[in-house]
$ cat structure.pdb   # PDB, N, CA and C atoms, pLDDT in the B column
ATOM      1  N   MET N1338       0.838  -1.179   0.000  1.00 74.00           N
ATOM      2  CA  MET N1338       0.000   0.000   0.000  1.00 74.00           C
ATOM      3  C   MET N1338       0.881   1.239   0.000  1.00 74.00           C
ATOM      4  N   GLY N1339       0.578   2.186  -0.837  1.00 86.00           N
ATOM      5  CA  GLY N1339       1.353   3.416  -0.917  1.00 86.00           C
ATOM      6  C   GLY N1339       0.727   4.535  -0.104  1.00 86.00           C
ATOM      7  N   PHE N1340       1.532   5.525   0.214  1.00 90.00           N
ATOM      8  CA  PHE N1340       1.088   6.712   0.940  1.00 90.00           C
ATOM      9  C   PHE N1340       1.529   7.937   0.149  1.00 90.00           C
ATOM     10  N   PRO N1341       0.649   8.515  -0.689  1.00 91.00           N
ATOM     11  CA  PRO N1341       1.029   9.700  -1.456  1.00 91.00           C
ATOM     12  C   PRO N1341       1.447  10.844  -0.530  1.00 91.00           C
ATOM     13  N   THR N1342       2.533  11.496  -0.867  1.00 92.00           N
ATOM     14  CA  THR N1342       3.074  12.588  -0.065  1.00 92.00           C
ATOM     15  C   THR N1342       3.605  13.665  -0.992  1.00 92.00           C
ATOM     16  N   LYS N1343       3.295  14.914  -0.707  1.00 94.00           N
ATOM     17  CA  LYS N1343       3.780  16.018  -1.529  1.00 94.00           C
ATOM     18  C   LYS N1343       5.183  16.433  -1.102  1.00 94.00           C
ATOM     19  N   VAL N1344       5.993  16.793  -2.082  1.00 94.00           N
ATOM     20  CA  VAL N1344       7.315  17.352  -1.828  1.00 94.00           C
ATOM     21  C   VAL N1344       7.126  18.848  -1.618  1.00 94.00           C
ATOM     22  N   GLN N1345       7.743  19.379  -0.569  1.00 96.00           N
ATOM     23  CA  GLN N1345       7.610  20.794  -0.252  1.00 96.00           C
ATOM     24  C   GLN N1345       8.952  21.490  -0.430  1.00 96.00           C
ATOM     25  N   LEU N1346       8.901  22.753  -0.819  1.00 97.00           N
ATOM     26  CA  LEU N1346      10.110  23.548  -1.021  1.00 97.00           C
ATOM     27  C   LEU N1346       9.984  24.851  -0.260  1.00 97.00           C
ATOM     28  N   ILE N1347      11.009  25.173   0.508  1.00 96.00           N
ATOM     29  CA  ILE N1347      11.106  26.485   1.136  1.00 96.00           C
ATOM     30  C   ILE N1347      12.242  27.208   0.443  1.00 96.00           C
ATOM     31  N   GLN N1348      11.882  28.287  -0.251  1.00 96.00           N
ATOM     32  CA  GLN N1348      12.846  29.075  -1.016  1.00 96.00           C
ATOM     33  C   GLN N1348      13.296  30.250  -0.151  1.00 96.00           C
ATOM     34  N   ARG N1349      14.596  30.320   0.102  1.00 95.00           N
ATOM     35  CA  ARG N1349      15.158  31.438   0.851  1.00 95.00           C
ATOM     36  C   ARG N1349      16.042  32.253  -0.074  1.00 95.00           C
ATOM     37  N   LYS N1350      16.492  33.376   0.393  1.00 94.00           N
ATOM     38  CA  LYS N1350      17.306  34.268  -0.427  1.00 94.00           C
ATOM     39  C   LYS N1350      18.520  33.555  -1.022  1.00 94.00           C
ATOM     40  N   ASP N1351      19.252  32.816  -0.191  1.00 95.00           N
ATOM     41  CA  ASP N1351      20.491  32.183  -0.634  1.00 95.00           C
ATOM     42  C   ASP N1351      20.457  30.659  -0.655  1.00 95.00           C
ATOM     43  N   SER N1352      19.310  30.069  -0.379  1.00 96.00           N
ATOM     44  CA  SER N1352      19.276  28.605  -0.327  1.00 96.00           C
ATOM     45  C   SER N1352      17.860  28.078  -0.527  1.00 96.00           C
ATOM     46  N   GLN N1353      17.785  26.783  -0.678  1.00 96.00           N
ATOM     47  CA  GLN N1353      16.512  26.072  -0.786  1.00 96.00           C
ATOM     48  C   GLN N1353      16.534  24.923   0.204  1.00 96.00           C
ATOM     49  N   GLN N1354      15.381  24.628   0.770  1.00 95.00           N
ATOM     50  CA  GLN N1354      15.240  23.438   1.595  1.00 95.00           C
ATOM     51  C   GLN N1354      14.040  22.656   1.087  1.00 95.00           C
ATOM     52  N   TRP N1355      14.270  21.371   0.862  1.00 94.00           N
ATOM     53  CA  TRP N1355      13.219  20.476   0.381  1.00 94.00           C
ATOM     54  C   TRP N1355      12.797  19.571   1.525  1.00 94.00           C
ATOM     55  N   TYR N1356      11.493  19.315   1.611  1.00 93.00           N
ATOM     56  CA  TYR N1356      10.948  18.496   2.693  1.00 93.00           C
ATOM     57  C   TYR N1356      10.040  17.413   2.133  1.00 93.00           C
ATOM     58  N   ILE N1357      10.147  16.252   2.748  1.00 91.00           N
ATOM     59  CA  ILE N1357       9.203  15.164   2.506  1.00 91.00           C
ATOM     60  C   ILE N1357       8.801  14.660   3.881  1.00 91.00           C
ATOM     61  N   ASN N1358       7.549  14.803   4.225  1.00 91.00           N
ATOM     62  CA  ASN N1358       7.066  14.368   5.534  1.00 91.00           C
ATOM     63  C   ASN N1358       6.549  12.939   5.457  1.00 91.00           C
ATOM     64  N   PHE N1359       6.760  12.215   6.526  1.00 86.00           N
ATOM     65  CA  PHE N1359       6.246  10.858   6.602  1.00 86.00           C
ATOM     66  C   PHE N1359       4.850  10.871   7.194  1.00 86.00           C
ATOM     67  N   PRO N1360       3.920  10.160   6.579  1.00 91.00           N
ATOM     68  CA  PRO N1360       2.619   9.993   7.223  1.00 91.00           C
ATOM     69  C   PRO N1360       2.812   9.268   8.554  1.00 91.00           C
ATOM     70  N   SER N1361       1.994   9.597   9.504  1.00 92.00           N
ATOM     71  CA  SER N1361       2.096   9.004  10.833  1.00 92.00           C
ATOM     72  C   SER N1361       2.079   7.472  10.788  1.00 92.00           C
ATOM     73  N   ALA N1362       1.246   6.915   9.933  1.00 92.00           N
ATOM     74  CA  ALA N1362       1.147   5.451   9.844  1.00 92.00           C
ATOM     75  C   ALA N1362       2.487   4.827   9.440  1.00 92.00           C
ATOM     76  N   VAL N1363       3.211   5.486   8.542  1.00 91.00           N
ATOM     77  CA  VAL N1363       4.513   4.974   8.104  1.00 91.00           C
ATOM     78  C   VAL N1363       5.527   5.080   9.247  1.00 91.00           C
ATOM     79  N   ALA N1364       5.569   6.238   9.891  1.00 92.00           N
ATOM     80  CA  ALA N1364       6.505   6.444  10.998  1.00 92.00           C
ATOM     81  C   ALA N1364       6.254   5.454  12.134  1.00 92.00           C
ATOM     82  N   GLN N1365       4.990   5.203  12.433  1.00 93.00           N
ATOM     83  CA  GLN N1365       4.659   4.257  13.498  1.00 93.00           C
ATOM     84  C   GLN N1365       5.000   2.833  13.107  1.00 93.00           C
ATOM     85  N   ALA N1366       4.739   2.467  11.854  1.00 93.00           N
ATOM     86  CA  ALA N1366       5.045   1.105  11.399  1.00 93.00           C
ATOM     87  C   ALA N1366       6.559   0.838  11.447  1.00 93.00           C
ATOM     88  N   LEU N1367       7.345   1.864  11.163  1.00 91.00           N
ATOM     89  CA  LEU N1367       8.801   1.718  11.197  1.00 91.00           C
ATOM     90  C   LEU N1367       9.381   1.976  12.579  1.00 91.00           C
ATOM     91  N   GLU N1368       8.514   2.361  13.520  1.00 93.00           N
ATOM     92  CA  GLU N1368       8.907   2.636  14.899  1.00 93.00           C
ATOM     93  C   GLU N1368      10.041   3.655  14.971  1.00 93.00           C
ATOM     94  N   PHE N1369       9.869   4.764  14.220  1.00 91.00           N
ATOM     95  CA  PHE N1369      10.847   5.842  14.284  1.00 91.00           C
ATOM     96  C   PHE N1369      10.901   6.419  15.686  1.00 91.00           C
ATOM     97  N   ILE N1370      12.071   6.920  16.041  1.00 91.00           N
ATOM     98  CA  ILE N1370      12.286   7.588  17.315  1.00 91.00           C
ATOM     99  C   ILE N1370      12.682   9.023  17.001  1.00 91.00           C
ATOM    100  N   CYS N1371      12.136   9.979  17.731  1.00 90.00           N
ATOM    101  CA  CYS N1371      12.472  11.385  17.525  1.00 90.00           C
ATOM    102  C   CYS N1371      13.987  11.581  17.634  1.00 90.00           C
ATOM    103  N   GLY N1372      14.583  12.215  16.642  1.00 90.00           N
ATOM    104  CA  GLY N1372      16.021  12.453  16.634  1.00 90.00           C
ATOM    105  C   GLY N1372      16.834  11.339  16.003  1.00 90.00           C
ATOM    106  N   GLU N1373      16.188  10.266  15.603  1.00 91.00           N
ATOM    107  CA  GLU N1373      16.896   9.150  14.982  1.00 91.00           C
ATOM    108  C   GLU N1373      17.546   9.601  13.669  1.00 91.00           C
ATOM    109  N   VAL N1374      18.762   9.147  13.425  1.00 92.00           N
ATOM    110  CA  VAL N1374      19.490   9.520  12.213  1.00 92.00           C
ATOM    111  C   VAL N1374      19.266   8.456  11.143  1.00 92.00           C
ATOM    112  N   VAL N1375      18.855   8.915   9.963  1.00 93.00           N
ATOM    113  CA  VAL N1375      18.675   8.038   8.808  1.00 93.00           C
ATOM    114  C   VAL N1375      19.433   8.641   7.635  1.00 93.00           C
ATOM    115  N   GLU N1376      19.667   7.859   6.601  1.00 95.00           N
ATOM    116  CA  GLU N1376      20.310   8.416   5.414  1.00 95.00           C
ATOM    117  C   GLU N1376      19.561   8.003   4.167  1.00 95.00           C
ATOM    118  N   TRP N1377      19.500   8.936   3.214  1.00 93.00           N
ATOM    119  CA  TRP N1377      18.850   8.691   1.932  1.00 93.00           C
ATOM    120  C   TRP N1377      19.882   8.170   0.949  1.00 93.00           C
ATOM    121  N   ILE N1378      19.515   7.154   0.207  1.00 96.00           N
ATOM    122  CA  ILE N1378      20.354   6.611  -0.852  1.00 96.00           C
ATOM    123  C   ILE N1378      19.544   6.711  -2.143  1.00 96.00           C
ATOM    124  N   VAL N1379      20.107   7.375  -3.136  1.00 97.00           N
ATOM    125  CA  VAL N1379      19.430   7.534  -4.419  1.00 97.00           C
ATOM    126  C   VAL N1379      19.737   6.305  -5.266  1.00 97.00           C
ATOM    127  N   GLU N1380      18.721   5.495  -5.516  1.00 97.00           N
ATOM    128  CA  GLU N1380      18.905   4.305  -6.338  1.00 97.00           C
ATOM    129  C   GLU N1380      18.790   4.650  -7.816  1.00 97.00           C
ATOM    130  N   ASP N1381      17.815   5.466  -8.162  1.00 98.00           N
ATOM    131  CA  ASP N1381      17.656   6.008  -9.505  1.00 98.00           C
ATOM    132  C   ASP N1381      16.664   7.163  -9.389  1.00 98.00           C
ATOM    133  N   LYS N1382      16.251   7.741 -10.497  1.00 96.00           N
ATOM    134  CA  LYS N1382      15.379   8.918 -10.437  1.00 96.00           C
ATOM    135  C   LYS N1382      13.973   8.617  -9.932  1.00 96.00           C
ATOM    136  N   ASN N1383      13.635   7.361  -9.782  1.00 95.00           N
ATOM    137  CA  ASN N1383      12.310   6.987  -9.289  1.00 95.00           C
ATOM    138  C   ASN N1383      12.335   6.330  -7.913  1.00 95.00           C
ATOM    139  N   ARG N1384      13.517   6.090  -7.366  1.00 95.00           N
ATOM    140  CA  ARG N1384      13.601   5.353  -6.108  1.00 95.00           C
ATOM    141  C   ARG N1384      14.593   5.963  -5.138  1.00 95.00           C
ATOM    142  N   LEU N1385      14.116   6.156  -3.927  1.00 93.00           N
ATOM    143  CA  LEU N1385      14.966   6.553  -2.810  1.00 93.00           C
ATOM    144  C   LEU N1385      14.902   5.443  -1.778  1.00 93.00           C
ATOM    145  N   LEU N1386      16.021   5.140  -1.199  1.00 95.00           N
ATOM    146  CA  LEU N1386      16.076   4.146  -0.140  1.00 95.00           C
ATOM    147  C   LEU N1386      16.429   4.879   1.139  1.00 95.00           C
ATOM    148  N   LEU N1387      15.653   4.666   2.171  1.00 93.00           N
ATOM    149  CA  LEU N1387      15.926   5.264   3.471  1.00 93.00           C
ATOM    150  C   LEU N1387      16.529   4.195   4.357  1.00 93.00           C
ATOM    151  N   ARG N1388      17.723   4.455   4.858  1.00 94.00           N
ATOM    152  CA  ARG N1388      18.408   3.456   5.676  1.00 94.00           C
ATOM    153  C   ARG N1388      18.685   4.030   7.059  1.00 94.00           C
ATOM    154  N   ARG N1389      18.411   3.218   8.061  1.00 92.00           N
ATOM    155  CA  ARG N1389      18.749   3.608   9.427  1.00 92.00           C
ATOM    156  C   ARG N1389      20.260   3.523   9.600  1.00 92.00           C
ATOM    157  N   ARG N1390      20.815   4.487  10.323  1.00 85.00           N
ATOM    158  CA  ARG N1390      22.250   4.470  10.583  1.00 85.00           C
ATOM    159  C   ARG N1390      22.585   3.443  11.653  1.00 85.00           C
ATOM    160  N   LYS N1391      21.693   3.287  12.628  1.00 77.00           N
ATOM    161  CA  LYS N1391      21.872   2.293  13.690  1.00 77.00           C
ATOM    162  C   LYS N1391      20.587   1.487  13.788  1.00 77.00           C
ATOM    163  N   VAL N1392      20.720   0.236  14.120  1.00 64.00           N
ATOM    164  CA  VAL N1392      19.540  -0.601  14.319  1.00 64.00           C
ATOM    165  C   VAL N1392      18.927  -0.210  15.648  1.00 64.00           C
ATOM    166  N   SER N1393      17.644   0.122  15.632  1.00 55.00           N
ATOM    167  CA  SER N1393      16.977   0.513  16.873  1.00 55.00           C
ATOM    168  C   SER N1393      16.562  -0.723  17.658  1.00 55.00           C
ATOM    169  N   VAL N1394      16.590  -0.576  18.948  1.00 60.00           N
ATOM    170  CA  VAL N1394      16.136  -1.644  19.829  1.00 60.00           C
ATOM    171  C   VAL N1394      14.708  -1.317  20.214  1.00 60.00           C
ATOM    172  N   THR N1395      13.817  -2.225  19.924  1.00 58.00           N
ATOM    173  CA  THR N1395      12.407  -2.011  20.235  1.00 58.00           C
ATOM    174  C   THR N1395      12.167  -2.313  21.707  1.00 58.00           C
ATOM    175  N   VAL N1396      11.638  -1.341  22.402  1.00 53.00           N
ATOM    176  CA  VAL N1396      11.293  -1.508  23.811  1.00 53.00           C
ATOM    177  C   VAL N1396       9.806  -1.757  23.875  1.00 53.00           C
ATOM    178  N   PRO N1397       9.394  -2.893  24.441  1.00 51.00           N
ATOM    179  CA  PRO N1397       7.961  -3.192  24.507  1.00 51.00           C
ATOM    180  C   PRO N1397       7.235  -2.141  25.341  1.00 51.00           C
ATOM    181  N   HIS N1398       6.025  -1.801  24.903  1.00 51.00           N
ATOM    182  CA  HIS N1398       5.208  -0.841  25.667  1.00 51.00           C
ATOM    183  C   HIS N1398       4.731  -1.517  26.936  1.00 51.00           C
ATOM    184  N   GLN N1399       4.848  -0.803  28.042  1.00 50.00           N
ATOM    185  CA  GLN N1399       4.361  -1.349  29.297  1.00 50.00           C
ATOM    186  C   GLN N1399       2.878  -1.083  29.431  1.00 50.00           C
ATOM    187  N   MET N1400       2.150  -2.067  29.886  1.00 51.00           N
ATOM    188  CA  MET N1400       0.727  -1.895  30.078  1.00 51.00           C
ATOM    189  C   MET N1400       0.488  -1.170  31.391  1.00 51.00           C
ATOM    190  N   GLU N1401      -0.461  -0.257  31.358  1.00 53.00           N
ATOM    191  CA  GLU N1401      -0.792   0.473  32.575  1.00 53.00           C
ATOM    192  C   GLU N1401      -1.591  -0.431  33.494  1.00 53.00           C
ATOM    193  N   SER N1402      -1.260  -0.353  34.782  1.00 51.00           N
ATOM    194  CA  SER N1402      -2.031  -1.140  35.742  1.00 51.00           C
ATOM    195  C   SER N1402      -3.164  -0.297  36.296  1.00 51.00           C
ATOM    196  N   ASP N1403      -4.287  -0.920  36.592  1.00 47.00           N
ATOM    197  CA  ASP N1403      -5.463  -0.190  37.096  1.00 47.00           C
ATOM    198  C   ASP N1403      -5.377  -0.010  38.579  1.00 47.00           C
TER     199      ASP N1403
END
$ encode --input "structure.pdb" --output "structure tokens"
Amino acid sequence: MGFPTKVQLIQRKDSQQWYINFPSAVAQALEFICGEVVEWIVEDKNRLLLRRRKVSVTVPHQMESD
């Protein structure tokens, strides 16, 4: 299943910044952590590969006790 996402551009006087936001469902499925470092690899003009720099350790969610 795909998640369509728009590419955004912020044009400044001396530079440009391009943004691609992840839909929440994608970020949650990949269990991203705020501040996690990833790198983009350009495979060709139609494909980008996102690779984690470090393998994250999944910490199980603790259930709240009543």
$ resolve_selection --input "structure.pdb" --expression "the PyMOL selection byres ((chain N and resi 1390) around 5)" --output "list in words"
Val1374, Val1375, Arg1388, Arg1389, Lys1391 and Val1392 of chain N
$ residues_around --input "structure.pdb" --residues "Ile1357 in chain N" --least-positions-apart "4" --cutoff "8 Å" --atoms "only N, CA and C atoms" --output "PyMOL selection string"
chain N and resi 1342-1346
$ select_by_dssp --input "structure.pdb" --residues "range 1342-1399 of chain N" --states "alpha helix (DSSP H)" --output "PyMOL selection string"
chain N and resi 1361-1366
$ select_by_dssp --input "structure.pdb" --residues "range 1338-1402 of chain N" --states "strand (DSSP E or B)" --output "ChimeraX atom specification"
/N:1344-1348,1353-1357,1375-1381,1384-1389
$ atom_distance --input "structure.pdb" --atom1 "CA of Phe1340 in chain N" --atom2 "CA of Val1363 in chain N"
8.1 Å
$ atom_distance --input "structure.pdb" --atom1 "CA of Cys1371 in chain N" --atom2 "atom N of Lys1350 in chain N"
28.2 Å
$ axis_aligned_box --input "structure.pdb" --around "range 1347-1350 of chain N" --padding-each-side "8 Å" --output "lines of an AutoDock Vina configuration file"
center_x = 14.8
center_y = 29.7
center_z = 0.1
size_x = 23.5
size_y = 25.1
size_z = 18.2
$ atom_distance --input "structure.pdb" --atom1 "CA of Lys1382 in chain N" --atom2 "CA of Arg1349 in chain N"
25.2 Å
